[in-house]
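Novice: Here you go, this is run-v9.cif (mmCIF, C-alpha atoms; chains and numbers go by the auth columns).
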```cif
data_coords
loop_
_atom_site.group_PDB
_atom_site.id
_atom_site.type_symbol
_atom_site.label_atom_id
_atom_site.label_comp_id
_atom_site.label_asym_id
_atom_site.label_seq_id
_atom_site.Cartn_x
_atom_site.Cartn_y
_atom_site.Cartn_z
_atom_site.B_iso_or_equiv
_atom_site.auth_seq_id
_atom_site.auth_asym_id
ATOM 1 C CA MET A 1 146.695 1.976 55.413 0.00 1 A
ATOM 2 C CA ILE A 2 146.342 -1.392 57.152 0.00 2 A
ATOM 3 C CA GLU A 3 149.563 -2.814 58.569 0.00 3 A
ATOM 4 C CA ILE A 4 150.294 -6.544 58.500 0.00 4 A
ATOM 5 C CA LEU A 5 152.935 -7.673 60.972 0.00 5 A
ATOM 6 C CA ASP A 6 155.906 -9.587 59.605 0.00 6 A
ATOM 7 C CA PRO A 7 155.950 -13.119 61.073 0.00 7 A
ATOM 8 C CA ASP A 8 159.362 -12.525 62.649 0.00 8 A
ATOM 9 C CA LYS A 9 157.891 -9.623 64.657 0.00 9 A
ATOM 10 C CA LEU A 10 155.219 -11.748 66.338 0.00 10 A
ATOM 11 C CA PRO A 11 157.500 -12.661 69.288 0.00 11 A
ATOM 12 C CA GLN A 12 158.040 -8.952 69.892 0.00 12 A
ATOM 13 C CA ALA A 13 154.290 -8.349 69.764 0.00 13 A
ATOM 14 C CA ARG A 14 153.867 -11.064 72.390 0.00 14 A
ATOM 15 C CA GLU A 15 156.490 -9.424 74.597 0.00 15 A
ATOM 16 C CA THR A 16 154.860 -6.011 74.342 0.00 16 A
ATOM 17 C CA GLY A 17 151.423 -7.447 75.008 0.00 17 A
ATOM 18 C CA ALA A 18 152.618 -9.380 78.053 0.00 18 A
ATOM 19 C CA LEU A 19 154.159 -6.189 79.446 0.00 19 A
ATOM 20 C CA VAL A 20 150.877 -4.312 79.057 0.00 20 A
ATOM 21 C CA GLY A 21 148.984 -7.161 80.713 0.00 21 A
ATOM 22 C CA HIS A 22 151.503 -7.304 83.569 0.00 22 A
ATOM 23 C CA ILE A 23 151.347 -3.574 84.251 0.00 23 A
ATOM 24 C CA LEU A 24 147.556 -3.539 84.258 0.00 24 A
ATOM 25 C CA GLN A 25 147.356 -6.534 86.601 0.00 25 A
ATOM 26 C CA THR A 26 149.957 -5.025 88.935 0.00 26 A
ATOM 27 C CA VAL A 27 148.168 -1.679 89.069 0.00 27 A
ATOM 28 C CA ARG A 28 144.847 -3.426 89.656 0.00 28 A
ATOM 29 C CA ASP A 29 146.292 -5.372 92.573 0.00 29 A
ATOM 30 C CA ARG A 30 147.716 -2.184 94.112 0.00 30 A
ATOM 31 C CA SER A 31 144.587 -0.057 93.647 0.00 31 A
ATOM 32 C CA THR A 32 142.635 0.066 96.905 0.00 32 A
ATOM 33 C CA VAL A 33 140.380 2.470 98.747 0.00 33 A
ATOM 34 C CA GLY A 34 142.353 5.696 99.151 0.00 34 A
ATOM 35 C CA THR A 35 144.664 5.159 96.171 0.00 35 A
ATOM 36 C CA ASN A 36 145.107 8.388 94.227 0.00 36 A
ATOM 37 C CA LEU A 37 144.782 8.369 90.432 0.00 37 A
ATOM 38 C CA LEU A 38 148.035 10.315 90.167 0.00 38 A
ATOM 39 C CA GLU A 39 149.728 7.562 92.170 0.00 39 A
ATOM 40 C CA ILE A 40 148.449 5.022 89.625 0.00 40 A
ATOM 41 C CA ASP A 41 149.902 7.143 86.832 0.00 41 A
ATOM 42 C CA ARG A 42 153.272 7.229 88.610 0.00 42 A
ATOM 43 C CA TRP A 43 153.265 3.424 89.008 0.00 43 A
ATOM 44 C CA ALA A 44 152.606 3.033 85.289 0.00 44 A
ATOM 45 C CA GLN A 45 155.388 5.456 84.404 0.00 45 A
ATOM 46 C CA GLU A 46 157.862 3.605 86.619 0.00 46 A
ATOM 47 C CA MET A 47 157.032 0.178 85.177 0.00 47 A
ATOM 48 C CA ILE A 48 157.098 1.383 81.562 0.00 48 A
ATOM 49 C CA THR A 49 160.480 3.051 82.132 0.00 49 A
ATOM 50 C CA GLU A 50 161.937 0.022 83.946 0.00 50 A
ATOM 51 C CA ALA A 51 160.948 -2.200 81.011 0.00 51 A
ATOM 52 C CA GLY A 52 162.661 0.079 78.497 0.00 52 A
ATOM 53 C CA ALA A 53 159.307 0.678 76.793 0.00 53 A
ATOM 54 C CA GLN A 54 157.699 3.884 75.562 0.00 54 A
ATOM 55 C CA SER A 55 154.318 5.285 76.490 0.00 55 A
ATOM 56 C CA CYS A 56 151.851 5.680 73.623 0.00 56 A
ATOM 57 C CA TYR A 57 149.952 8.310 75.622 0.00 57 A
ATOM 58 C CA VAL A 58 152.304 10.999 76.943 0.00 58 A
ATOM 59 C CA ASP A 59 152.729 12.832 73.636 0.00 59 A
ATOM 60 C CA TYR A 60 149.439 11.651 72.110 0.00 60 A
ATOM 61 C CA ALA A 61 147.541 14.626 70.700 0.00 61 A
ATOM 62 C CA PRO A 62 144.637 13.558 68.427 0.00 62 A
ATOM 63 C CA SER A 63 141.954 15.911 67.168 0.00 63 A
ATOM 64 C CA PHE A 64 139.470 14.823 69.844 0.00 64 A
ATOM 65 C CA GLY A 65 141.772 15.695 72.782 0.00 65 A
ATOM 66 C CA ARG A 66 143.039 18.967 74.206 0.00 66 A
ATOM 67 C CA GLY A 67 146.764 18.964 73.489 0.00 67 A
ATOM 68 C CA PRO A 68 149.148 16.147 74.461 0.00 68 A
ATOM 69 C CA PHE A 69 147.623 13.670 76.943 0.00 69 A
ATOM 70 C CA GLY A 70 150.611 14.118 79.230 0.00 70 A
ATOM 71 C CA HIS A 71 150.104 10.956 81.336 0.00 71 A
ATOM 72 C CA TYR A 72 150.993 7.258 81.136 0.00 72 A
ATOM 73 C CA ILE A 73 147.665 5.512 81.751 0.00 73 A
ATOM 74 C CA CYS A 74 143.969 6.323 81.382 0.00 74 A
ATOM 75 C CA THR A 75 142.049 6.219 84.667 0.00 75 A
ATOM 76 C CA ALA A 76 138.265 6.438 84.222 0.00 76 A
ATOM 77 C CA VAL A 77 136.036 6.369 87.328 0.00 77 A
ATOM 78 C CA ASN A 78 132.291 5.599 87.474 0.00 78 A
ATOM 79 C CA ASP A 79 130.617 7.758 84.794 0.00 79 A
ATOM 80 C CA ALA A 80 133.925 8.234 82.941 0.00 80 A
ATOM 81 C CA VAL A 81 134.489 5.574 80.289 0.00 81 A
ATOM 82 C CA LEU A 82 137.233 6.582 77.842 0.00 82 A
ATOM 83 C CA HIS A 83 140.439 8.660 77.867 0.00 83 A
ATOM 84 C CA GLY A 84 140.229 9.251 81.612 0.00 84 A
ATOM 85 C CA LEU A 85 142.878 11.852 82.452 0.00 85 A
ATOM 86 C CA PRO A 86 144.575 11.040 85.790 0.00 86 A
ATOM 87 C CA HIS A 87 143.914 13.743 88.370 0.00 87 A
ATOM 88 C CA ASP A 88 143.960 14.305 92.129 0.00 88 A
ATOM 89 C CA TYR A 89 141.233 11.879 93.210 0.00 89 A
ATOM 90 C CA ALA A 90 141.364 9.214 95.938 0.00 90 A
ATOM 91 C CA LEU A 91 139.420 6.060 95.120 0.00 91 A
ATOM 92 C CA ALA A 92 136.411 5.235 97.299 0.00 92 A
ATOM 93 C CA ASP A 93 134.870 1.885 98.170 0.00 93 A
ATOM 94 C CA GLY A 94 132.577 0.810 95.336 0.00 94 A
ATOM 95 C CA ASP A 95 134.118 3.026 92.645 0.00 95 A
ATOM 96 C CA LEU A 96 134.129 1.437 89.200 0.00 96 A
ATOM 97 C CA LEU A 97 137.626 2.030 87.827 0.00 97 A
ATOM 98 C CA THR A 98 138.746 1.469 84.245 0.00 98 A
ATOM 99 C CA LEU A 99 142.457 1.350 83.446 0.00 99 A
ATOM 100 C CA ASP A 100 143.503 1.674 79.796 0.00 100 A
ATOM 101 C CA LEU A 101 147.155 1.309 78.821 0.00 101 A
ATOM 102 C CA ALA A 102 149.126 1.293 75.572 0.00 102 A
ATOM 103 C CA VAL A 103 152.898 0.998 75.268 0.00 103 A
ATOM 104 C CA SER A 104 155.431 0.362 72.530 0.00 104 A
ATOM 105 C CA LEU A 105 158.403 -1.963 72.961 0.00 105 A
ATOM 106 C CA GLY A 106 160.814 -3.000 70.231 0.00 106 A
ATOM 107 C CA GLY A 107 158.806 -1.132 67.630 0.00 107 A
ATOM 108 C CA VAL A 108 155.472 -2.876 68.323 0.00 108 A
ATOM 109 C CA ALA A 109 152.578 -1.397 70.324 0.00 109 A
ATOM 110 C CA ALA A 110 149.921 -3.147 72.410 0.00 110 A
ATOM 111 C CA ASP A 111 146.759 -1.759 74.011 0.00 111 A
ATOM 112 C CA SER A 112 144.481 -3.175 76.727 0.00 112 A
ATOM 113 C CA ALA A 113 141.876 -2.073 79.265 0.00 113 A
ATOM 114 C CA ILE A 114 140.272 -3.567 82.370 0.00 114 A
ATOM 115 C CA SER A 115 137.367 -2.452 84.544 0.00 115 A
ATOM 116 C CA PHE A 116 136.861 -3.467 88.182 0.00 116 A
ATOM 117 C CA VAL A 117 135.195 -2.359 91.396 0.00 117 A
ATOM 118 C CA VAL A 118 137.456 -0.918 94.094 0.00 118 A
ATOM 119 C CA GLY A 119 137.233 -2.161 97.658 0.00 119 A
ATOM 120 C CA GLY A 120 134.803 -4.679 99.120 0.00 120 A
ATOM 121 C CA SER A 121 131.577 -3.372 97.595 0.00 121 A
ATOM 122 C CA ARG A 122 130.018 -5.135 94.618 0.00 122 A
ATOM 123 C CA PRO A 123 127.248 -2.892 93.231 0.00 123 A
ATOM 124 C CA PRO A 124 125.139 -5.190 91.010 0.00 124 A
ATOM 125 C CA GLU A 125 124.878 -2.623 88.205 0.00 125 A
ATOM 126 C CA SER A 126 128.648 -2.217 88.078 0.00 126 A
ATOM 127 C CA VAL A 127 129.294 -5.956 88.110 0.00 127 A
ATOM 128 C CA ALA A 128 126.777 -6.458 85.287 0.00 128 A
ATOM 129 C CA LEU A 129 128.399 -3.734 83.172 0.00 129 A
ATOM 130 C CA ILE A 130 131.867 -5.200 83.589 0.00 130 A
ATOM 131 C CA GLU A 131 130.743 -8.757 82.887 0.00 131 A
ATOM 132 C CA ALA A 132 128.894 -7.672 79.736 0.00 132 A
ATOM 133 C CA THR A 133 132.004 -6.020 78.271 0.00 133 A
ATOM 134 C CA GLU A 134 134.115 -9.063 79.153 0.00 134 A
ATOM 135 C CA ARG A 135 131.645 -11.427 77.475 0.00 135 A
ATOM 136 C CA ALA A 136 131.471 -9.161 74.437 0.00 136 A
ATOM 137 C CA LEU A 137 135.256 -9.074 74.219 0.00 137 A
ATOM 138 C CA ALA A 138 135.423 -12.875 74.348 0.00 138 A
ATOM 139 C CA ALA A 139 132.793 -13.085 71.587 0.00 139 A
ATOM 140 C CA GLY A 140 134.692 -10.637 69.399 0.00 140 A
ATOM 141 C CA ILE A 141 137.924 -12.562 69.835 0.00 141 A
ATOM 142 C CA ALA A 142 136.177 -15.838 68.991 0.00 142 A
ATOM 143 C CA ALA A 143 134.879 -14.273 65.768 0.00 143 A
ATOM 144 C CA ALA A 144 138.356 -13.150 64.636 0.00 144 A
ATOM 145 C CA GLY A 145 140.284 -15.433 62.331 0.00 145 A
ATOM 146 C CA PRO A 146 141.569 -15.699 58.754 0.00 146 A
ATOM 147 C CA GLY A 147 138.702 -15.294 56.314 0.00 147 A
ATOM 148 C CA ALA A 148 136.440 -13.551 58.799 0.00 148 A
ATOM 149 C CA ARG A 149 135.635 -9.879 58.327 0.00 149 A
ATOM 150 C CA ILE A 150 135.599 -6.871 60.623 0.00 150 A
ATOM 151 C CA GLY A 151 131.808 -6.942 60.513 0.00 151 A
ATOM 152 C CA ASP A 152 131.832 -10.446 62.005 0.00 152 A
ATOM 153 C CA ILE A 153 133.758 -9.177 65.024 0.00 153 A
ATOM 154 C CA SER A 154 131.566 -6.108 65.386 0.00 154 A
ATOM 155 C CA HIS A 155 128.396 -8.165 65.094 0.00 155 A
ATOM 156 C CA ALA A 156 129.564 -10.639 67.753 0.00 156 A
ATOM 157 C CA ILE A 157 130.418 -7.814 70.171 0.00 157 A
ATOM 158 C CA GLY A 158 127.197 -5.923 69.514 0.00 158 A
ATOM 159 C CA LYS A 159 125.024 -9.014 69.926 0.00 159 A
ATOM 160 C CA VAL A 160 126.315 -9.507 73.470 0.00 160 A
ATOM 161 C CA LEU A 161 126.073 -5.854 74.490 0.00 161 A
ATOM 162 C CA ARG A 162 122.631 -5.405 72.998 0.00 162 A
ATOM 163 C CA GLY A 163 121.477 -8.680 74.533 0.00 163 A
ATOM 164 C CA ALA A 164 122.527 -7.356 77.940 0.00 164 A
ATOM 165 C CA GLY A 165 120.296 -4.341 77.374 0.00 165 A
ATOM 166 C CA TYR A 166 122.925 -1.662 76.814 0.00 166 A
ATOM 167 C CA PRO A 167 122.901 1.093 74.176 0.00 167 A
ATOM 168 C CA ILE A 168 125.921 1.045 71.858 0.00 168 A
ATOM 169 C CA ASN A 169 127.987 4.069 70.866 0.00 169 A
ATOM 170 C CA THR A 170 129.925 3.768 67.585 0.00 170 A
ATOM 171 C CA GLU A 171 132.017 6.956 67.799 0.00 171 A
ATOM 172 C CA PHE A 172 134.869 5.046 69.428 0.00 172 A
ATOM 173 C CA GLY A 173 135.716 1.374 69.154 0.00 173 A
ATOM 174 C CA GLY A 174 138.470 -1.069 68.374 0.00 174 A
ATOM 175 C CA HIS A 175 141.241 -0.448 65.886 0.00 175 A
ATOM 176 C CA GLY A 176 144.248 -1.786 64.108 0.00 176 A
ATOM 177 C CA ILE A 177 147.547 -1.579 65.960 0.00 177 A
ATOM 178 C CA GLY A 178 151.168 -2.349 65.161 0.00 178 A
ATOM 179 C CA SER A 179 154.114 0.025 64.806 0.00 179 A
ATOM 180 C CA THR A 180 151.769 2.731 66.113 0.00 180 A
ATOM 181 C CA MET A 181 148.870 2.631 68.563 0.00 181 A
ATOM 182 C CA HIS A 182 145.907 3.655 66.392 0.00 182 A
ATOM 183 C CA GLN A 183 145.634 2.328 62.852 0.00 183 A
ATOM 184 C CA ASP A 184 143.028 1.162 60.378 0.00 184 A
ATOM 185 C CA PRO A 185 140.770 -0.723 60.337 0.00 185 A
ATOM 186 C CA HIS A 186 138.213 0.760 62.735 0.00 186 A
ATOM 187 C CA VAL A 187 136.315 -1.960 64.626 0.00 187 A
ATOM 188 C CA PRO A 188 132.936 -0.606 65.816 0.00 188 A
ATOM 189 C CA ASN A 189 131.161 -2.342 68.669 0.00 189 A
ATOM 190 C CA THR A 190 128.227 -3.297 66.500 0.00 190 A
ATOM 191 C CA GLY A 191 127.969 -4.189 62.845 0.00 191 A
ATOM 192 C CA ARG A 192 126.766 -6.525 60.121 0.00 192 A
ATOM 193 C CA PRO A 193 128.389 -9.928 59.623 0.00 193 A
ATOM 194 C CA GLY A 194 130.181 -10.566 56.366 0.00 194 A
ATOM 195 C CA ARG A 195 130.983 -6.895 55.819 0.00 195 A
ATOM 196 C CA GLY A 196 134.215 -4.906 55.975 0.00 196 A
ATOM 197 C CA TYR A 197 137.887 -5.752 55.717 0.00 197 A
ATOM 198 C CA LYS A 198 138.789 -9.442 55.377 0.00 198 A
ATOM 199 C CA LEU A 199 141.153 -10.516 58.163 0.00 199 A
ATOM 200 C CA ARG A 200 144.622 -11.803 57.304 0.00 200 A
ATOM 201 C CA PRO A 201 147.277 -13.543 59.404 0.00 201 A
ATOM 202 C CA GLY A 202 149.601 -10.908 60.834 0.00 202 A
ATOM 203 C CA LEU A 203 146.867 -8.352 61.433 0.00 203 A
ATOM 204 C CA LEU A 204 146.916 -6.952 64.973 0.00 204 A
ATOM 205 C CA LEU A 205 143.663 -5.600 66.369 0.00 205 A
ATOM 206 C CA ALA A 206 142.757 -3.923 69.636 0.00 206 A
ATOM 207 C CA LEU A 207 139.165 -4.952 70.383 0.00 207 A
ATOM 208 C CA GLU A 208 137.444 -2.829 73.015 0.00 208 A
ATOM 209 C CA PRO A 209 133.790 -3.248 73.955 0.00 209 A
ATOM 210 C CA TRP A 210 132.635 -0.414 76.215 0.00 210 A
ATOM 211 C CA VAL A 211 129.193 0.540 77.404 0.00 211 A
ATOM 212 C CA MET A 212 127.242 3.053 79.457 0.00 212 A
ATOM 213 C CA ALA A 213 124.349 1.780 81.546 0.00 213 A
ATOM 214 C CA ASP A 214 121.512 3.839 80.084 0.00 214 A
ATOM 215 C CA THR A 215 122.772 6.042 77.249 0.00 215 A
ATOM 216 C CA ALA A 216 124.844 5.987 74.079 0.00 216 A
ATOM 217 C CA ARG A 217 125.730 9.683 74.337 0.00 217 A
ATOM 218 C CA LEU A 218 129.092 10.964 75.537 0.00 218 A
ATOM 219 C CA VAL A 219 130.128 14.318 76.964 0.00 219 A
ATOM 220 C CA THR A 220 133.683 15.639 77.217 0.00 220 A
ATOM 221 C CA ASP A 221 134.930 16.660 80.640 0.00 221 A
ATOM 222 C CA GLU A 222 136.366 20.106 81.322 0.00 222 A
ATOM 223 C CA ASP A 223 139.851 18.575 81.197 0.00 223 A
ATOM 224 C CA GLY A 224 139.402 18.239 77.417 0.00 224 A
ATOM 225 C CA TRP A 225 140.045 14.485 77.452 0.00 225 A
ATOM 226 C CA THR A 226 137.852 12.431 79.746 0.00 226 A
ATOM 227 C CA LEU A 227 134.675 11.133 78.082 0.00 227 A
ATOM 228 C CA ARG A 228 131.702 10.579 80.381 0.00 228 A
ATOM 229 C CA SER A 229 128.176 9.274 80.042 0.00 229 A
ATOM 230 C CA GLU A 230 125.748 12.093 79.298 0.00 230 A
ATOM 231 C CA THR A 231 123.379 10.960 82.055 0.00 231 A
ATOM 232 C CA GLY A 232 126.029 10.358 84.719 0.00 232 A
ATOM 233 C CA CYS A 233 125.401 6.604 84.677 0.00 233 A
ATOM 234 C CA ARG A 234 128.175 4.111 85.297 0.00 234 A
ATOM 235 C CA THR A 235 130.285 2.676 82.515 0.00 235 A
ATOM 236 C CA ALA A 236 132.720 -0.176 81.793 0.00 236 A
ATOM 237 C CA HIS A 237 135.395 -0.995 79.215 0.00 237 A
ATOM 238 C CA SER A 238 137.340 -4.181 78.411 0.00 238 A
ATOM 239 C CA GLU A 239 140.070 -4.470 75.781 0.00 239 A
ATOM 240 C CA HIS A 240 142.697 -6.878 74.466 0.00 240 A
ATOM 241 C CA THR A 241 145.165 -6.693 71.606 0.00 241 A
ATOM 242 C CA ILE A 242 144.991 -9.818 69.451 0.00 242 A
ATOM 243 C CA ALA A 243 147.005 -11.207 66.562 0.00 243 A
ATOM 244 C CA VAL A 244 145.166 -12.891 63.733 0.00 244 A
ATOM 245 C CA THR A 245 146.963 -16.175 62.965 0.00 245 A
ATOM 246 C CA GLU A 246 146.381 -19.122 60.655 0.00 246 A
ATOM 247 C CA ASP A 247 144.607 -20.852 63.540 0.00 247 A
ATOM 248 C CA GLY A 248 142.421 -18.000 64.809 0.00 248 A
ATOM 249 C CA ALA A 249 143.074 -15.159 67.231 0.00 249 A
ATOM 250 C CA GLU A 250 145.909 -15.069 69.759 0.00 250 A
ATOM 251 C CA ILE A 251 145.417 -12.783 72.764 0.00 251 A
ATOM 252 C CA LEU A 252 148.627 -10.820 73.274 0.00 252 A
ATOM 253 C CA THR A 253 147.821 -8.707 76.331 0.00 253 A
ATOM 254 C CA LEU A 254 147.381 -11.396 78.962 0.00 254 A
ATOM 255 C CA PRO A 255 149.889 -11.075 81.842 0.00 255 A
ATOM 256 C CA LYS A 256 152.621 -13.713 81.889 0.00 256 A
ATOM 257 C CA GLN A 257 151.867 -16.614 84.203 0.00 257 A
ATOM 258 C CA ALA A 258 154.280 -16.992 87.117 0.00 258 A
#
```
Output the file's structure as structure tokens, nothing else.
Specialist:
Amino acid sequence: MIEILDPDKLPQARETGALVGHILQTVRDRSTVGTNLLEIDRWAQEMITEAGAQSCYVDYAPSFGRGPFGHYICTAVNDAVLHGLPHDYALADGDLLTLDLAVSLGGVAADSAISFVVGGSRPPESVALIEATERALAAGIAAAGPGARIGDISHAIGKVLRGAGYPINTEFGGHGIGSTMHQDPHVPNTGRPGRGYKLRPGLLLALEPWVMADTARLVTDEDGWTLRSETGCRTAHSEHTIAVTEDGAEILTLPKQA
């Protein structure tokens, strides 16, 4: 089933999205060399609780994970790319960290992810990976609007990632979102234009380009959750929740401007 948001719920979707964007930006600003991933998880928990929101992750137990996730934010480092389970690890200079967060507030969920390099180092490979996912995300958002189709978004994302020289995995990708975190339609990170579900105003989508430097194959960590590149190469992931409107796509998960 594909959920279309009632117009009177759009302000709530904006509020939820802004909260997600704010938490991610705050955690990014606080994350320095020596920061522990469990500390990041505690920060996320505190901010979600203070906002009166609910985590979409703590009790999340899909078929591809090992039991409930049990944490408030995904923290993926270097060769980890998706569903990074927070654990006792202190960040080092040059680590590529991806933070992925989804919360629900007022009955509407929002989902977003950012990747960045910790500390003062700027490894060229890591910077290139991050920039490619950010460009792909921008292209996917630009392709989303009334009358467009899911395949148009997927094609736009895939064109950027493939043009940057990265293999594309289609096991995990973007998705519908609304009263719950994961809904139809699935939005793969490559596809054929003009195919798939026709977008309608009120549709919320979480678009999430992610790549691994030299492989499209994933392996699951011993923790039963964290997905890593099969070759141990570095990875990156960028995501926004958008609302399809009469005028195009509105990004919901940007932090509020001061």
Novice: With all atoms listed in the file as the counted atoms, please give the residues lying no more than 6 Å from range 77-83 of chain A, apart from itself and same-chain residues fewer than 5 positions off, as a list in words.
Specialist: Leu96, Leu97, Trp225, Thr226, Leu227, Arg228, Ser229, Gly232, Cys233, Arg234 and Thr235 of chain A
Novice: Sorted by chain and rising residue number, list the residues of range 4-107 of chain A at most 12 Å from range 171-191 of chain A (counting only C-alpha atoms), each with its closest atom pair and distance in Å to one decimal, as a Markdown table.
Specialist:
```
| residue | atom | partner | partner_atom | distance |
| --- | --- | --- | --- | --- |
| A:Ile4 | CA | A:Gly178 | CA | 7.9 |
| A:Leu5 | CA | A:Gly178 | CA | 7.0 |
| A:Asp6 | CA | A:Gly178 | CA | 10.3 |
| A:Lys9 | CA | A:Gly178 | CA | 9.9 |
| A:Leu10 | CA | A:Gly178 | CA | 10.3 |
| A:Gln12 | CA | A:Gly178 | CA | 10.6 |
| A:Ala13 | CA | A:Gly178 | CA | 8.2 |
| A:Arg14 | CA | A:Gly178 | CA | 11.6 |
| A:Thr16 | CA | A:Gly178 | CA | 10.6 |
| A:Gly17 | CA | A:Gly178 | CA | 11.1 |
| A:Gln54 | CA | A:Thr180 | CA | 11.2 |
| A:Ser55 | CA | A:Met181 | CA | 10.0 |
| A:Cys56 | CA | A:Met181 | CA | 6.6 |
| A:Tyr57 | CA | A:Met181 | CA | 9.1 |
| A:Tyr60 | CA | A:Met181 | CA | 9.7 |
| A:Ala61 | CA | A:His182 | CA | 11.9 |
| A:Pro62 | CA | A:His182 | CA | 10.2 |
| A:Phe64 | CA | A:Phe172 | CA | 10.8 |
| A:Val81 | CA | A:Phe172 | CA | 10.9 |
| A:Leu82 | CA | A:Phe172 | CA | 8.9 |
| A:His83 | CA | A:Phe172 | CA | 10.7 |
| A:Leu101 | CA | A:Met181 | CA | 10.5 |
| A:Ala102 | CA | A:Met181 | CA | 7.1 |
| A:Val103 | CA | A:Met181 | CA | 8.0 |
| A:Ser104 | CA | A:Thr180 | CA | 7.8 |
| A:Leu105 | CA | A:Ser179 | CA | 9.4 |
| A:Gly106 | CA | A:Ser179 | CA | 9.1 |
| A:Gly107 | CA | A:Ser179 | CA | 5.6 |
```
Novice: With all atoms listed in the file as the basis for distance, which of A:Asp93, A:Glu39, A:Glu246, A:Asp59 is at the shortest distance from Ala144 in chain A?
Specialist: A:Glu246
Novice: Residues near Thr98 in chain A, anyone? I mean within 7 Å using all atoms listed in the file, not counting same-chain ones fewer than 4 positions away, as a list in words.
Specialist: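 Counting all atoms listed in the file, the residues come to Thr75, Ala76, Val77, Ala113, Ile114, Ser115, Phe116, Ala236 and His237 of chain A.
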Novice: Taking the file above as input, evaluate the PyMOL selection byres ((chain A and resi 193-200) around 6) and report the hits as a ChimeraX atom specification.
Specialist: /A:146-152,155,192,201,203
Novice: Report the distance between CA of Ile73 in chain A and CA of Leu91 in chain A in Å, rounded to one decimal place.
Specialist: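 We find that CA of Ile73 in chain A and CA of Leu91 in chain A lie 15.7 Å from each other.
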Novice: Determine the nearest neighbour of Leu252 in chain A from the options A:Asp111, A:Asp100, A:Glu46, A:Asp8, counting all atoms listed in the file.
Specialist: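 The shortest atom-to-atom distance to Leu252 in chain A comes from A:Asp111.
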